[in-house]
Amino acid sequence: MFLRKLLSLLPPSMVRFIGNSSFANLAERQTIETWIVIEKSEEIDLQPDCYYYCGLQLKIVHASESWEWFVYDGRGIDLIKSGSNPTEEGSLAEAKKWIDDFFRDEV
């Protein structure tokens, strides 16, 4: 209960940073393999084949010789960043790292 009240007093970017750092720490200790943050809203619809990660929409697509990744804003309207990797796992890891770095810069 105390932690919930404390977190409600902090700016959303700082809470997001704390959450991402906590999950990254658990992943480093091999307590969890992966994590996805899903933010529900009646007003926001996911683009086809996208899912939420830290409030942004993330999409992985298989191209001819690589896996392309796309990061959209939370509403799925504006493309923020894209990239590619030879493997699906690598593409997902790159996209998540970019999002984590993007939010880390906000704090």
# chains A, B, ... in the order shown; residues from 1 in each chain; ligands from 1
call {"tool": "residues_around", "arguments": {"residues": "Asp78 (chain A)", "least_positions_apart": "4", "cutoff": "12 Å", "atoms": "only C-alpha atoms", "output": "PyMOL selection string"}}
result
chain A and resi 47+56-58+70-74+82
call {"tool": "closest_residue", "arguments": {"among": "A:Trp67, A:Phe17, A:Tyr51, A:Phe23", "to": "Thr87 (chain A)", "atoms": "only C-alpha atoms"}}
result
A:Trp67
call {"tool": "atom_distance", "arguments": {"atom1": "CA of Phe102 (chain A)", "atom2": "CA of Ile18 (chain A)"}}
result
13.9 Å
call {"tool": "atom_distance", "arguments": {"atom1": "CA of Pro12 (chain A)", "atom2": "CA of Phe103 (chain A)"}}
result
10.3 Å
call {"tool": "atom_distance", "arguments": {"atom1": "CA of Tyr53 (chain A)", "atom2": "CA of Ile77 (chain A)"}}
result
15.3 Å
call {"tool": "closest_residue", "arguments": {"among": "A:Ile60, A:Gly76, A:Leu10, A:Glu65", "to": "Glu89 (chain A)", "atoms": "only C-alpha atoms"}}
result
A:Ile60
call {"tool": "closest_residue", "arguments": {"among": "A:Arg75, A:Lys5, A:Lys81, A:Lys96", "to": "Ala24 (chain A)", "atoms": "only C-alpha atoms"}}
result
A:Lys96
call {"tool": "select_by_dssp", "arguments": {"residues": "region 38-106 of chain A", "states": "alpha helix (DSSP H)", "output": "list in words"}}
result
Glu88, Glu89, Gly90, Ser91, Leu92, Ala93, Glu94, Ala95, Lys96, Lys97, Trp98, Ile99, Asp100, Asp101, Phe102, Phe103 and Arg104 of chain A
call {"tool": "select_by_dssp", "arguments": {"residues": "chain A", "states": "strand (DSSP E or B)", "output": "NGL selection string"}}
result
:A and (50-53 or 56-62 or 67-72 or 79-85)
call {"tool": "write_last_selection", "arguments": {"atoms": "N, CA and C atoms", "output": "PDB file, in the first residue's frame"}}
result
ATOM      1  N   CYS A  50       0.536  -5.871 -33.620  1.00  0.00           N
ATOM      2  CA  CYS A  50       1.324  -5.092 -32.671  1.00  0.00           C
ATOM      3  C   CYS A  50       0.974  -5.494 -31.250  1.00  0.00           C
ATOM      4  N   TYR A  51       1.839  -5.168 -30.340  1.00  0.00           N
ATOM      5  CA  TYR A  51       1.526  -5.289 -28.925  1.00  0.00           C
ATOM      6  C   TYR A  51       2.181  -4.132 -28.186  1.00  0.00           C
ATOM      7  N   TYR A  52       1.701  -3.895 -26.973  1.00  0.00           N
ATOM      8  CA  TYR A  52       2.227  -2.794 -26.172  1.00  0.00           C
ATOM      9  C   TYR A  52       3.487  -3.213 -25.437  1.00  0.00           C
ATOM     10  N   TYR A  53       4.445  -2.308 -25.386  1.00  0.00           N
ATOM     11  CA  TYR A  53       5.632  -2.460 -24.561  1.00  0.00           C
ATOM     12  C   TYR A  53       5.951  -1.076 -24.027  1.00  0.00           C
ATOM     13  N   LEU A  56       4.183   1.942 -25.661  1.00  0.00           N
ATOM     14  CA  LEU A  56       4.335   2.134 -27.105  1.00  0.00           C
ATOM     15  C   LEU A  56       3.914   0.858 -27.817  1.00  0.00           C
ATOM     16  N   GLN A  57       3.585   0.986 -29.088  1.00  0.00           N
ATOM     17  CA  GLN A  57       3.223  -0.196 -29.861  1.00  0.00           C
ATOM     18  C   GLN A  57       4.459  -0.711 -30.594  1.00  0.00           C
ATOM     19  N   LEU A  58       4.653  -2.001 -30.542  1.00  0.00           N
ATOM     20  CA  LEU A  58       5.833  -2.654 -31.106  1.00  0.00           C
ATOM     21  C   LEU A  58       5.374  -3.723 -32.085  1.00  0.00           C
ATOM     22  N   LYS A  59       6.015  -3.754 -33.250  1.00  0.00           N
ATOM     23  CA  LYS A  59       5.649  -4.718 -34.281  1.00  0.00           C
ATOM     24  C   LYS A  59       6.916  -5.343 -34.855  1.00  0.00           C
ATOM     25  N   ILE A  60       6.916  -6.668 -35.015  1.00  0.00           N
ATOM     26  CA  ILE A  60       8.028  -7.409 -35.618  1.00  0.00           C
ATOM     27  C   ILE A  60       7.497  -8.078 -36.889  1.00  0.00           C
ATOM     28  N   VAL A  61       8.194  -7.867 -38.011  1.00  0.00           N
ATOM     29  CA  VAL A  61       7.743  -8.391 -39.297  1.00  0.00           C
ATOM     30  C   VAL A  61       8.898  -9.121 -39.963  1.00  0.00           C
ATOM     31  N   HIS A  62       8.609 -10.293 -40.523  1.00  0.00           N
ATOM     32  CA  HIS A  62       9.643 -11.042 -41.246  1.00  0.00           C
ATOM     33  C   HIS A  62       9.775 -10.492 -42.660  1.00  0.00           C
ATOM     34  N   TRP A  67      14.512  -9.669 -39.993  1.00  0.00           N
ATOM     35  CA  TRP A  67      13.302  -9.349 -39.237  1.00  0.00           C
ATOM     36  C   TRP A  67      13.313  -7.851 -38.983  1.00  0.00           C
ATOM     37  N   GLU A  68      12.265  -7.173 -39.420  1.00  0.00           N
ATOM     38  CA  GLU A  68      12.132  -5.728 -39.255  1.00  0.00           C
ATOM     39  C   GLU A  68      11.348  -5.440 -37.978  1.00  0.00           C
ATOM     40  N   TRP A  69      11.751  -4.406 -37.259  1.00  0.00           N
ATOM     41  CA  TRP A  69      10.986  -3.991 -36.084  1.00  0.00           C
ATOM     42  C   TRP A  69      10.574  -2.539 -36.230  1.00  0.00           C
ATOM     43  N   PHE A  70       9.388  -2.242 -35.692  1.00  0.00           N
ATOM     44  CA  PHE A  70       8.803  -0.916 -35.783  1.00  0.00           C
ATOM     45  C   PHE A  70       8.262  -0.522 -34.421  1.00  0.00           C
ATOM     46  N   VAL A  71       8.534   0.696 -34.006  1.00  0.00           N
ATOM     47  CA  VAL A  71       7.999   1.232 -32.756  1.00  0.00           C
ATOM     48  C   VAL A  71       7.106   2.413 -33.121  1.00  0.00           C
ATOM     49  N   TYR A  72       5.835   2.305 -32.715  1.00  0.00           N
ATOM     50  CA  TYR A  72       4.853   3.366 -32.947  1.00  0.00           C
ATOM     51  C   TYR A  72       4.508   4.032 -31.622  1.00  0.00           C
ATOM     52  N   LEU A  79       5.017   6.474 -36.568  1.00  0.00           N
ATOM     53  CA  LEU A  79       6.184   5.607 -36.480  1.00  0.00           C
ATOM     54  C   LEU A  79       7.301   6.404 -35.821  1.00  0.00           C
ATOM     55  N   ILE A  80       7.846   5.867 -34.729  1.00  0.00           N
ATOM     56  CA  ILE A  80       8.885   6.574 -33.987  1.00  0.00           C
ATOM     57  C   ILE A  80      10.264   6.098 -34.403  1.00  0.00           C
ATOM     58  N   LYS A  81      10.432   4.781 -34.543  1.00  0.00           N
ATOM     59  CA  LYS A  81      11.747   4.221 -34.849  1.00  0.00           C
ATOM     60  C   LYS A  81      11.558   2.861 -35.509  1.00  0.00           C
ATOM     61  N   SER A  82      12.506   2.476 -36.331  1.00  0.00           N
ATOM     62  CA  SER A  82      12.478   1.144 -36.945  1.00  0.00           C
ATOM     63  C   SER A  82      13.904   0.646 -37.118  1.00  0.00           C
ATOM     64  N   GLY A  83      14.023  -0.646 -37.345  1.00  0.00           N
ATOM     65  CA  GLY A  83      15.330  -1.253 -37.551  1.00  0.00           C
ATOM     66  C   GLY A  83      15.165  -2.675 -38.009  1.00  0.00           C
ATOM     67  N   SER A  84      16.275  -3.394 -38.116  1.00  0.00           N
ATOM     68  CA  SER A  84      16.204  -4.791 -38.547  1.00  0.00           C
ATOM     69  C   SER A  84      17.324  -5.592 -37.901  1.00  0.00           C
ATOM     70  N   ASN A  85      17.132  -6.907 -37.895  1.00  0.00           N
ATOM     71  CA  ASN A  85      18.090  -7.843 -37.323  1.00  0.00           C
ATOM     72  C   ASN A  85      17.932  -9.163 -38.061  1.00  0.00           C
TER      73      ASN A  85
END
call {"tool": "closest_residue", "arguments": {"among": "A:Leu7, A:Glu88, A:Gln30, A:Ser13", "to": "Asp100 (chain A)", "atoms": "only C-alpha atoms"}}
result
A:Ser13
call {"tool": "residues_around", "arguments": {"residues": "Ser22 (chain A)", "least_positions_apart": "4", "cutoff": "12 Å", "atoms": "only C-alpha atoms", "output": "ChimeraX atom specification"}}
result
/A:15-18,26-29,31-32,35,100
call {"tool": "closest_residue", "arguments": {"among": "A:Ser91, A:Ile99, A:Ser8, A:Gly19", "to": "Ala63 (chain A)", "atoms": "only C-alpha atoms"}}
result
A:Ser91
